[in-house]
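Structure file run_7.tsv; described as TSV, C-alpha atoms.
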chain	number	residue	atom	x	y	z
A	1	MET	CA	8.50	35.67	-31.39
A	2	ILE	CA	6.79	33.36	-28.92
A	3	SER	CA	6.61	34.87	-25.42
A	4	GLN	CA	7.64	33.38	-22.11
A	5	ARG	CA	3.97	33.44	-21.11
A	6	GLN	CA	2.97	31.40	-24.16
A	7	LEU	CA	5.75	28.90	-23.48
A	8	PHE	CA	4.67	28.71	-19.85
A	9	LEU	CA	1.09	27.91	-20.77
A	10	LYS	CA	2.10	25.45	-23.48
A	11	HIS	CA	4.87	23.46	-21.82
A	12	VAL	CA	4.55	23.82	-18.03
A	13	GLY	CA	1.94	21.66	-16.31
A	14	GLN	CA	-0.84	23.88	-14.97
A	15	THR	CA	-2.85	23.67	-11.76
A	16	SER	CA	-5.72	25.90	-12.89
A	17	LYS	CA	-7.22	27.31	-16.06
A	18	GLU	CA	-6.31	30.86	-15.07
A	19	PRO	CA	-2.89	31.01	-13.33
A	20	MET	CA	-1.67	34.39	-12.08
A	21	SER	CA	1.06	34.31	-14.77
A	22	LEU	CA	3.25	36.91	-13.09
A	23	GLU	CA	6.68	36.88	-14.72
A	24	ILE	CA	9.05	37.60	-11.85
A	25	GLU	CA	12.62	38.66	-12.56
A	26	LYS	CA	13.89	39.27	-9.04
A	27	ALA	CA	12.89	38.88	-5.40
A	28	GLU	CA	14.33	40.57	-2.32
A	29	GLY	CA	13.04	40.69	1.25
A	30	ILE	CA	9.25	41.14	1.10
A	31	TYR	CA	9.31	42.31	-2.53
A	32	LEU	CA	8.95	40.69	-5.95
A	33	PHE	CA	9.80	42.51	-9.18
A	34	ASP	CA	8.39	41.57	-12.57
A	35	VAL	CA	10.11	41.84	-15.97
A	36	ASN	CA	8.76	45.38	-16.37
A	37	GLY	CA	10.23	46.50	-13.06
A	38	LYS	CA	6.90	46.64	-11.22
A	39	LYS	CA	7.25	46.04	-7.49
A	40	TYR	CA	4.91	43.73	-5.59
A	41	TYR	CA	4.53	43.31	-1.84
A	42	ASP	CA	4.51	39.58	-1.16
A	43	MET	CA	1.73	39.04	1.38
A	44	VAL	CA	1.78	35.27	0.92
A	45	SER	CA	5.49	34.43	1.34
A	46	GLY	CA	5.23	31.85	-1.43
A	47	VAL	CA	2.49	30.28	0.77
A	48	SER	CA	4.41	30.41	4.06
A	49	VAL	CA	7.81	29.53	2.57
A	50	SER	CA	9.84	32.74	2.69
A	51	ASN	CA	9.49	33.43	6.40
A	52	ILE	CA	12.91	35.09	6.61
A	53	GLY	CA	12.45	36.99	3.35
A	54	HIS	CA	13.35	36.27	-0.23
A	55	ARG	CA	17.06	35.70	-0.92
A	56	ASN	CA	18.15	35.93	2.68
A	57	PRO	CA	21.92	36.60	2.51
A	58	GLU	CA	22.82	34.01	5.15
A	59	VAL	CA	20.89	31.31	3.32
A	60	ILE	CA	22.51	32.24	0.02
A	61	LYS	CA	25.98	32.09	1.61
A	62	ALA	CA	25.27	28.66	3.09
A	63	ILE	CA	24.12	27.38	-0.31
A	64	LYS	CA	27.25	28.67	-2.04
A	65	ASP	CA	29.54	27.26	0.64
A	66	GLN	CA	27.93	23.83	0.36
A	67	LEU	CA	28.14	23.87	-3.45
A	68	ASP	CA	31.92	24.11	-3.09
A	69	LYS	CA	31.95	20.87	-1.04
A	70	TYR	CA	29.43	18.43	-2.51
A	71	MET	CA	25.86	18.04	-3.72
A	72	HIS	CA	24.08	14.68	-3.99
A	73	LEU	CA	26.25	11.76	-2.93
A	74	MET	CA	24.03	8.76	-2.21
A	75	VAL	CA	20.43	7.87	-1.43
A	76	TYR	CA	19.25	9.21	1.91
A	77	GLY	CA	20.40	7.49	5.07
A	78	GLU	CA	23.60	5.79	3.89
A	79	TYR	CA	26.32	8.42	4.27
A	80	ILE	CA	27.05	10.74	7.18
A	81	GLN	CA	26.56	14.20	5.70
A	82	SER	CA	27.41	17.18	7.86
A	83	PRO	CA	24.49	19.48	6.83
A	84	GLN	CA	21.97	16.75	7.68
A	85	VAL	CA	23.55	15.94	11.04
A	86	LYS	CA	23.88	19.57	12.12
A	87	LEU	CA	20.33	20.39	11.08
A	88	ALA	CA	18.85	17.36	12.84
A	89	LYS	CA	20.78	18.25	16.02
A	90	LEU	CA	19.67	21.91	15.97
A	91	LEU	CA	16.05	20.92	15.41
A	92	SER	CA	16.21	18.40	18.26
A	93	ASP	CA	17.80	20.99	20.56
A	94	ASN	CA	14.77	23.22	20.05
A	95	LEU	CA	12.10	20.55	20.49
A	96	PRO	CA	10.68	18.56	23.42
A	97	LYS	CA	12.85	15.57	24.41
A	98	SER	CA	10.38	13.10	22.91
A	99	LEU	CA	10.92	14.60	19.44
A	100	ASP	CA	14.58	13.84	18.92
A	101	THR	CA	14.80	12.01	15.57
A	102	VAL	CA	14.36	13.63	12.15
A	103	PHE	CA	13.66	11.90	8.84
A	104	PHE	CA	14.39	14.28	5.95
A	105	VAL	CA	12.27	14.33	2.80
A	106	ASN	CA	11.64	16.79	-0.03
A	107	SER	CA	8.26	18.39	0.70
A	108	GLY	CA	5.28	18.69	3.01
A	109	SER	CA	3.25	16.05	1.22
A	110	GLU	CA	6.16	13.62	1.48
A	111	ALA	CA	6.49	14.39	5.18
A	112	VAL	CA	2.82	13.55	5.66
A	113	GLU	CA	3.20	10.32	3.69
A	114	GLY	CA	6.13	9.30	5.89
A	115	ALA	CA	4.31	10.21	9.10
A	116	LEU	CA	1.24	8.16	8.16
A	117	LYS	CA	3.38	5.14	7.25
A	118	LEU	CA	5.33	5.46	10.48
A	119	ALA	CA	2.13	5.55	12.58
A	120	LYS	CA	0.73	2.45	10.89
A	121	ARG	CA	4.05	0.61	11.25
A	122	TYR	CA	4.49	1.47	14.94
A	123	THR	CA	0.91	0.73	16.04
A	124	ASN	CA	0.20	-2.14	13.64
A	125	ARG	CA	-3.22	-0.53	13.10
A	126	ALA	CA	-4.94	0.65	9.92
A	127	GLU	CA	-7.51	3.33	10.75
A	128	ILE	CA	-6.46	6.97	10.26
A	129	ILE	CA	-8.51	9.92	11.48
A	130	SER	CA	-8.28	13.48	10.18
A	131	PHE	CA	-10.54	16.53	10.15
A	132	LYS	CA	-12.88	18.22	7.73
A	133	LYS	CA	-11.34	21.30	6.06
A	134	GLY	CA	-7.85	20.13	7.02
A	135	TYR	CA	-5.15	20.39	4.37
A	136	HIS	CA	-2.24	17.93	4.23
A	137	GLY	CA	-1.03	17.86	0.61
A	138	SER	CA	-2.02	16.27	-2.68
A	139	THR	CA	-0.18	12.96	-3.00
A	140	GLN	CA	-2.36	9.85	-2.67
A	141	GLY	CA	-1.94	9.32	1.06
A	142	ALA	CA	-2.05	13.01	1.93
A	143	LEU	CA	-5.09	13.44	-0.29
A	144	SER	CA	-6.80	10.57	1.52
A	145	VAL	CA	-6.69	12.48	4.82
A	146	LEU	CA	-7.46	15.88	3.28
A	147	GLY	CA	-10.73	17.35	4.50
A	148	SER	CA	-12.36	18.30	1.20
A	149	GLU	CA	-14.42	15.96	-0.97
A	150	THR	CA	-14.27	18.46	-3.84
A	151	LEU	CA	-10.51	18.08	-4.17
A	152	LYS	CA	-10.38	14.30	-3.77
A	153	ASN	CA	-13.48	12.73	-5.35
A	154	SER	CA	-11.97	12.57	-8.83
A	155	TYR	CA	-9.08	10.46	-7.56
A	156	ARG	CA	-10.92	7.73	-5.69
A	157	PRO	CA	-10.31	5.02	-4.64
A	158	LEU	CA	-7.85	6.42	-2.13
A	159	LEU	CA	-6.54	4.91	1.12
A	160	PRO	CA	-9.15	2.82	2.93
A	161	ASP	CA	-10.07	3.11	6.60
A	162	ILE	CA	-10.03	6.93	6.73
A	163	LYS	CA	-12.44	8.75	9.01
A	164	LEU	CA	-13.07	12.53	8.96
A	165	LEU	CA	-14.22	14.31	12.12
A	166	GLU	CA	-15.31	17.89	12.83
A	167	TYR	CA	-12.48	20.10	14.06
A	168	ASN	CA	-13.21	21.60	17.50
A	169	ASN	CA	-16.00	19.05	18.11
A	170	ILE	CA	-15.04	17.42	21.39
A	171	GLU	CA	-17.91	14.93	21.21
A	172	ASN	CA	-16.42	13.59	17.95
A	173	LEU	CA	-13.27	12.50	19.79
A	174	LYS	CA	-15.14	9.38	20.94
A	175	GLU	CA	-14.62	8.14	17.36
A	176	ILE	CA	-10.93	7.59	18.22
A	177	THR	CA	-10.61	3.97	19.40
A	178	GLU	CA	-8.12	1.14	19.88
A	179	ARG	CA	-8.42	0.55	16.11
A	180	THR	CA	-7.03	3.98	15.30
A	181	ALA	CA	-3.38	4.11	14.23
A	182	CYS	CA	-3.15	7.88	14.28
A	183	VAL	CA	-4.97	11.17	14.23
A	184	ILE	CA	-3.49	13.80	11.93
A	185	THR	CA	-4.44	17.45	12.28
A	186	GLU	CA	-3.13	20.96	11.88
A	187	THR	CA	-2.97	22.72	15.22
A	188	ILE	CA	-4.49	25.70	13.40
A	189	GLN	CA	-6.54	24.92	10.31
A	190	SER	CA	-4.83	27.04	7.68
A	191	GLU	CA	-6.82	26.57	4.48
A	192	ALA	CA	-10.10	26.70	6.38
A	193	GLY	CA	-9.23	30.35	6.98
A	194	ILE	CA	-7.15	30.35	10.20
A	195	ILE	CA	-9.43	28.34	12.48
A	196	LEU	CA	-7.96	28.11	15.97
A	197	PRO	CA	-8.61	25.32	18.49
A	198	GLU	CA	-11.27	26.14	21.09
A	199	ASN	CA	-12.14	24.88	24.57
A	200	ASP	CA	-8.86	22.98	25.03
A	201	PHE	CA	-9.69	20.90	21.97
A	202	LEU	CA	-6.07	19.89	21.32
A	203	LYS	CA	-5.48	18.91	24.95
A	204	LYS	CA	-8.59	16.74	24.92
A	205	LEU	CA	-7.49	15.24	21.61
A	206	ARG	CA	-4.11	14.45	23.17
A	207	GLU	CA	-5.80	12.80	26.14
A	208	ARG	CA	-8.02	10.65	23.94
A	209	CYS	CA	-5.04	9.50	21.90
A	210	HIS	CA	-3.24	8.52	25.12
A	211	GLU	CA	-6.27	6.55	26.28
A	212	THR	CA	-6.50	4.54	23.06
A	213	GLY	CA	-2.79	4.11	22.26
A	214	THR	CA	-3.25	6.24	19.14
A	215	LEU	CA	-0.38	8.33	17.78
A	216	LEU	CA	-1.04	12.05	17.42
A	217	ILE	CA	0.43	13.72	14.31
A	218	PHE	CA	0.57	17.50	14.04
A	219	ASP	CA	0.94	18.92	10.55
A	220	GLU	CA	3.18	21.98	10.99
A	221	VAL	CA	3.98	22.35	7.29
A	222	GLN	CA	2.31	25.74	6.91
A	223	MET	CA	2.46	27.07	10.47
A	224	GLY	CA	6.03	26.15	11.44
A	225	PHE	CA	9.21	28.19	11.81
A	226	GLY	CA	7.85	31.23	13.61
A	227	ARG	CA	4.66	31.93	11.67
A	228	THR	CA	2.45	31.77	14.78
A	229	GLY	CA	4.77	33.60	17.17
A	230	LYS	CA	6.39	30.36	18.36
A	231	LEU	CA	9.00	28.29	16.55
A	232	PHE	CA	6.34	25.60	16.07
A	233	SER	CA	2.65	26.22	16.44
A	234	PHE	CA	1.96	23.36	18.87
A	235	GLU	CA	4.00	25.32	21.44
A	236	ASN	CA	1.12	27.79	21.65
A	237	PHE	CA	-1.20	25.14	23.06
A	238	ASP	CA	0.97	23.17	25.51
A	239	VAL	CA	0.40	19.91	23.65
A	240	ILE	CA	3.18	17.66	22.34
A	241	PRO	CA	2.52	15.34	19.39
A	242	ASP	CA	4.01	11.89	18.83
A	243	ILE	CA	5.00	12.83	15.29
A	244	PHE	CA	4.98	16.14	13.49
A	245	THR	CA	5.62	17.26	9.94
A	246	ILE	CA	7.53	20.30	8.68
A	247	ALA	CA	8.43	21.77	5.28
A	248	LYS	CA	7.67	25.09	3.48
A	249	ALA	CA	9.56	27.68	5.60
A	250	MET	CA	12.08	25.05	6.69
A	251	GLY	CA	14.50	25.65	3.81
A	252	GLY	CA	14.58	29.43	3.57
A	253	GLY	CA	13.37	29.10	-0.03
A	254	MET	CA	14.90	25.72	-0.84
A	255	PRO	CA	12.80	22.51	-1.07
A	256	ILE	CA	12.98	20.35	2.03
A	257	GLY	CA	10.65	18.66	4.49
A	258	ALA	CA	10.80	16.25	7.41
A	259	PHE	CA	8.77	14.18	9.80
A	260	VAL	CA	9.99	14.14	13.39
A	261	SER	CA	9.35	11.69	16.21
A	262	SER	CA	11.09	9.80	19.02
A	263	ASN	CA	13.94	7.46	18.27
A	264	GLU	CA	11.84	4.58	19.58
A	265	ILE	CA	9.03	5.22	17.10
A	266	MET	CA	11.26	6.17	14.17
A	267	SER	CA	13.42	3.07	14.53
A	268	THR	CA	10.51	0.86	13.43
A	269	LEU	CA	11.21	1.95	9.84
A	270	THR	CA	14.54	0.10	9.95
A	271	PHE	CA	13.28	-3.50	10.20
A	272	LYS	CA	10.44	-5.76	9.03
A	273	PRO	CA	11.31	-4.58	6.44
A	274	ALA	CA	14.58	-2.70	6.32
A	275	LEU	CA	14.28	0.41	4.16
A	276	GLY	CA	10.79	0.93	5.55
A	277	HIS	CA	10.80	4.44	4.13
A	278	ILE	CA	13.31	5.57	1.52
A	279	THR	CA	13.98	8.65	-0.59
A	280	THR	CA	16.73	9.50	-3.07
A	281	PHE	CA	16.95	13.25	-2.62
A	282	GLY	CA	15.51	13.67	0.88
A	283	GLY	CA	17.94	15.62	3.03
A	284	HIS	CA	19.80	16.96	0.00
A	285	PRO	CA	22.99	18.54	1.41
A	286	VAL	CA	22.44	21.90	-0.28
A	287	CYS	CA	18.86	22.08	0.98
A	288	CYS	CA	19.95	21.03	4.47
A	289	ALA	CA	22.67	23.70	4.48
A	290	ALA	CA	20.03	26.28	3.52
A	291	ALA	CA	17.65	24.97	6.20
A	292	LEU	CA	20.38	25.10	8.84
A	293	ALA	CA	21.15	28.73	7.95
A	294	ASN	CA	17.42	29.50	7.96
A	295	LEU	CA	16.87	28.07	11.44
A	296	ASN	CA	20.01	29.71	12.80
A	297	PHE	CA	18.84	33.05	11.39
A	298	ILE	CA	15.46	32.70	13.09
A	299	LEU	CA	17.00	31.77	16.44
A	300	LYS	CA	19.93	34.20	16.50
A	301	ASN	CA	18.02	37.25	15.32
A	302	ASN	CA	14.99	36.74	17.57
A	303	ILE	CA	12.64	37.52	14.70
A	304	ILE	CA	9.86	35.52	16.35
A	305	ASP	CA	9.77	38.02	19.21
A	306	ASP	CA	7.96	40.65	17.11
A	307	VAL	CA	5.65	38.35	15.18
A	308	ASN	CA	2.60	38.82	17.42
A	309	ASP	CA	3.01	42.60	17.59
A	310	LYS	CA	3.28	42.75	13.80
A	311	GLY	CA	0.10	40.70	13.44
A	312	LYS	CA	-1.69	42.93	15.95
A	313	LEU	CA	-0.67	46.02	13.97
A	314	PHE	CA	-2.35	44.62	10.84
A	315	VAL	CA	-5.50	44.03	12.90
A	316	LYS	CA	-5.40	47.53	14.36
A	317	LEU	CA	-4.98	49.19	10.95
A	318	LEU	CA	-7.54	47.11	9.04
A	319	SER	CA	-10.29	46.03	11.44
A	320	ASN	CA	-12.26	49.27	11.33
A	321	HIS	CA	-12.73	49.32	7.57
A	322	PRO	CA	-16.45	48.87	6.76
A	323	LYS	CA	-15.74	46.16	4.17
A	324	VAL	CA	-13.83	44.05	6.73
A	325	LYS	CA	-16.33	41.77	8.48
A	326	GLY	CA	-13.84	40.05	10.74
A	327	ILE	CA	-10.19	39.10	11.20
A	328	ARG	CA	-8.90	35.75	12.40
A	329	ARG	CA	-5.24	35.68	13.39
A	330	LYS	CA	-2.41	33.82	14.99
A	331	GLY	CA	0.99	35.49	14.83
A	332	LEU	CA	1.57	36.77	11.29
A	333	MET	CA	-1.07	34.60	9.64
A	334	LEU	CA	-4.32	36.48	9.15
A	335	ALA	CA	-7.62	35.81	7.44
A	336	ILE	CA	-9.42	39.02	6.46
A	337	LYS	CA	-13.12	38.28	6.07
A	338	LEU	CA	-15.19	40.18	3.50
A	339	GLU	CA	-18.93	40.04	2.94
A	340	ASN	CA	-18.94	37.40	0.22
A	341	HIS	CA	-16.91	35.59	-2.44
A	342	TYR	CA	-17.83	38.11	-5.14
A	343	LEU	CA	-16.23	40.99	-3.20
A	344	LEU	CA	-13.27	38.78	-2.36
A	345	GLU	CA	-12.53	38.08	-6.04
A	346	LYS	CA	-12.82	41.77	-6.86
A	347	TYR	CA	-10.44	42.65	-4.04
A	348	ILE	CA	-7.84	40.06	-5.11
A	349	ASN	CA	-7.82	41.44	-8.67
A	350	ILE	CA	-7.67	45.08	-7.58
A	351	SER	CA	-4.93	44.43	-5.04
A	352	LEU	CA	-2.77	42.65	-7.62
A	353	ASP	CA	-3.09	45.64	-9.95
A	354	ASN	CA	-1.92	47.79	-7.03
A	355	GLY	CA	1.15	45.70	-6.31
A	356	LEU	CA	-0.14	43.44	-3.53
A	357	ILE	CA	0.07	39.65	-3.76
A	358	HIS	CA	-2.64	37.93	-1.72
A	359	ASP	CA	-4.39	34.63	-2.18
A	360	MET	CA	-7.60	32.94	-1.14
A	361	PHE	CA	-7.98	29.99	1.19
A	362	LEU	CA	-8.85	26.60	-0.28
A	363	PHE	CA	-11.75	25.92	2.08
A	364	ASN	CA	-12.98	29.43	2.83
A	365	ASP	CA	-14.59	31.54	0.13
A	366	ASP	CA	-14.94	34.95	1.78
A	367	SER	CA	-11.49	35.70	3.25
A	368	PHE	CA	-8.05	36.59	1.93
A	369	ARG	CA	-4.71	35.70	3.46
A	370	ILE	CA	-2.07	38.01	4.91
A	371	ALA	CA	1.12	36.05	5.63
A	372	PRO	CA	4.15	38.19	4.74
A	373	PRO	CA	7.75	37.29	5.52
A	374	LEU	CA	8.29	37.57	9.27
A	375	THR	CA	11.04	40.08	8.54
A	376	ILE	CA	8.51	42.68	7.39
A	377	THR	CA	9.05	45.91	9.33
A	378	PHE	CA	6.40	47.87	11.21
A	379	ASP	CA	6.78	50.71	8.68
A	380	GLU	CA	6.26	48.27	5.81
A	381	ILE	CA	3.11	46.98	7.52
A	382	LYS	CA	1.81	50.56	7.62
A	383	GLU	CA	2.62	51.01	3.91
A	384	VAL	CA	0.91	47.75	2.97
A	385	SER	CA	-2.14	48.51	5.12
A	386	LYS	CA	-2.65	51.85	3.36
A	387	ILE	CA	-2.66	50.05	0.01
A	388	ILE	CA	-5.06	47.39	1.32
A	389	ILE	CA	-7.43	50.07	2.54
A	390	SER	CA	-7.32	51.91	-0.78
A	391	CYS	CA	-8.07	48.64	-2.60
A	392	LEU	CA	-10.96	47.86	-0.24
A	393	ASP	CA	-12.32	51.35	-0.97
A	394	LYS	CA	-12.49	50.43	-4.68
A	395	ILE	CA	-14.57	47.28	-4.39

Can you dump the structure from the file as structure tokens?
Amino acid sequence: MISQRQLFLKHVGQTSKEPMSLEIEKAEGIYLFDVNGKKYYDMVSGVSVSNIGHRNPEVIKAIKDQLDKYMHLMVYGEYIQSPQVKLAKLLSDNLPKSLDTVFFVNSGSEAVEGALKLAKRYTNRAEIISFKKGYHGSTQGALSVLGSETLKNSYRPLLPDIKLLEYNNIENLKEITERTACVITETIQSEAGIILPENDFLKKLRERCHETGTLLIFDEVQMGFGRTGKLFSFENFDVIPDIFTIAKAMGGGMPIGAFVSSNEIMSTLTFKPALGHITTFGGHPVCCAAALANLNFILKNNIIDDVNDKGKLFVKLLSNHPKVKGIRRKGLMLAIKLENHYLLEKYINISLDNGLIHDMFLFNDDSFRIAPPLTITFDEIKEVSKIIISCLDKI
């Protein structure tokens, strides 16, 4: 009889020649369980998606309640749908006043696409600036501003008039001019291996954008919803963008994204032409209900309060191991640096055998990621750290 694994490899589009191929039967909290009952500690959170844990009961209840009312009704933006309205209001209530209008989409890449279009429409300019080793998604527009030639060369030609600068290079900011529609950047470069801004880089970027009339877009897709110890990562740096993008952890496990801006900027999508940006399933009521429950859970349970202390505990327990050459961290997103890529690959394989799910960074070849659900307990961090240390001992 043909196995699920064989069917997976034969009929499901693949992203690599050697997928992990874990066959998961159940997920709960920080744990995944395969078809044989083996338990895994999820140290990736589905790549920063399950910030409040897998199958959060409040999210599940919200989904079931919404299913009893309605699912898809009409293309986005035509009907007044309660889950959308409530979610947009709650987001706006927890953001600076200049970020008061939300456009719902289905994913992070779509949010980036919408943000780039919005910036070009509002400024009537063409040039877009991004940064080397920045990650923004894999659709054509998002790929155009992605900071890796390796990932994009096979798909050229992409969007024209794109310029890539060095992150944290203040001198490079002179490249932003009155021709520039927008600058898009992560506040913390995630796939570069948790690279934080230095020397007030983001503040100086903000100032340069003001000087040139350029819109500043922050990509919060991976770092949003408490991951960095703040609801949104730009709050750590006292800099407010003109537009920002969210997704991943937004839906508590359900697919949803958004780009957020001021009403003044966002309104330019409504004329010359009307329907300046459209989506059929963006803001799906079930996904919005899940996202509303997710955000309410984060806010009401104060889970962000412990995020930094939990990250510090990982650092304390792991930093003295001789195989660990450095740790970069913000909140509960850590990059554990090993000596080289060879040791990193060995560690990833050994840790998986020992029930730990890690992954590598796209643009960093010597570090592995620790980004568990924010609901992980201090005792669970101690358990996980013991396993990490035993795996490091084996490489």

Atomic distance CA of Phe8 (chain A) - CA of Ser367 (chain A), expressed in Å with one decimal =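 A separation of 29.0 Å between them.
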
Nearest residue to Ile298 (chain A) from the set A:Gly114, A:Gly251, A:Gly311, A:Pro160 (distances using all atoms listed in the file) |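 Nearest candidate to Ile298 (chain A) out of A:Gly114, A:Gly251, A:Gly311, A:Pro160: A:Gly251.
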
Expected answer as a list in words: all residues with atoms within 8 Å of (0.1, 40.6, 14.3), only C-alpha atoms | Val307, Asn308, Asp309, Lys310, Gly311, Lys312, Leu313, Phe314, Val315, Arg329, Lys330, Gly331, Leu332, Met333 and Leu334 of chain A

For Pro322 (chain A), which residue among A:Asp393, A:Lys204, A:Leu87, A:Thr377 is the nearest when counting all atoms listed in the file?
-> A:Asp393

Pick out the residues sitting within 8 Å of Lys132 (chain A), and hand them over as a PyMOL selection string; count only C-alpha atoms, and ignore anything fewer than 5 positions along from it in its own chain.
-> chain A and resi 146-148+164-167

Hey, can you check how far CA of Ser107 (chain A) sits from CA of Gln66 (chain A)?
->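 Separation of CA of Ser107 (chain A) and CA of Gln66 (chain A): 20.4 Å.
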
Residues near region 268-283 of chain A, cut-off 7 Å, all atoms listed in the file, skip fewer than 2 positions along chain, as a PyMOL selection string = chain A and resi 75-76+84+104-106+114+118+121-122+256+265-266+285+287-288

Can you pull out every residue within 12 Å of Tyr31 (chain A), counting only C-alpha atoms, but drop anything in the same chain fewer than 5 positions away, and send it as a list in words?
->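 Skipping anything fewer than 5 positions along the chain leaves Ile24, Glu25, Lys26, Gly37, Lys38, Lys39, Tyr40, Tyr41, Asp42, Met43, Val44, Ser45, Gly46, Ser50, Gly53, His54, Arg55, Gly355, Leu356, Ile357, Pro372, Pro373, Thr375, Ile376, Glu380 and Val384 of chain A.
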
Contacts of region 171-181 of chain A at 10 Å or less, counting all atoms listed in the file, minus same-chain residues fewer than 5 places along, as a PyMOL selection string?
-> chain A and resi 116-129+161-166+201+204-209+211-216

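Here CA of Ile246 (chain A) and CA of Glu264 (chain A) stand 19.6 Å from one another.
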
Shortest interatomic distance to Ile303 (chain A) - which of A:Leu231, A:Ile30, A:Val49, A:Leu90, counting all atoms listed in the file =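 Once distances to Ile303 (chain A) are computed over all atoms listed in the file, the minimum belongs to A:Leu231.
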
Nearest to Lys323 (chain A) by atom-to-atom distance, counting only C-alpha atoms, from A:Asp353, A:Asp366, A:Glu18, A:Glu58 =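 Distance minimum relative to Lys323 (chain A) lands on A:Asp366.
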
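Each of A:Asn320, A:Met20, A:Ile217, A:Asp365 was compared to His341 (chain A) using all atoms listed in the file, and A:Asp365 turns out to be the nearest.
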
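Checking A:Asp305, A:Lys152, A:Gly141, A:Val286 one by one against Gly226 (chain A), counting all atoms listed in the file, you find the shortest gap at A:Asp305.
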
Near-Glu23 (chain A) list (9 Å; all atoms listed in the file; drop same-chain fewer than 5 positions) as a PyMOL selection string | chain A and resi 4-5+33-36
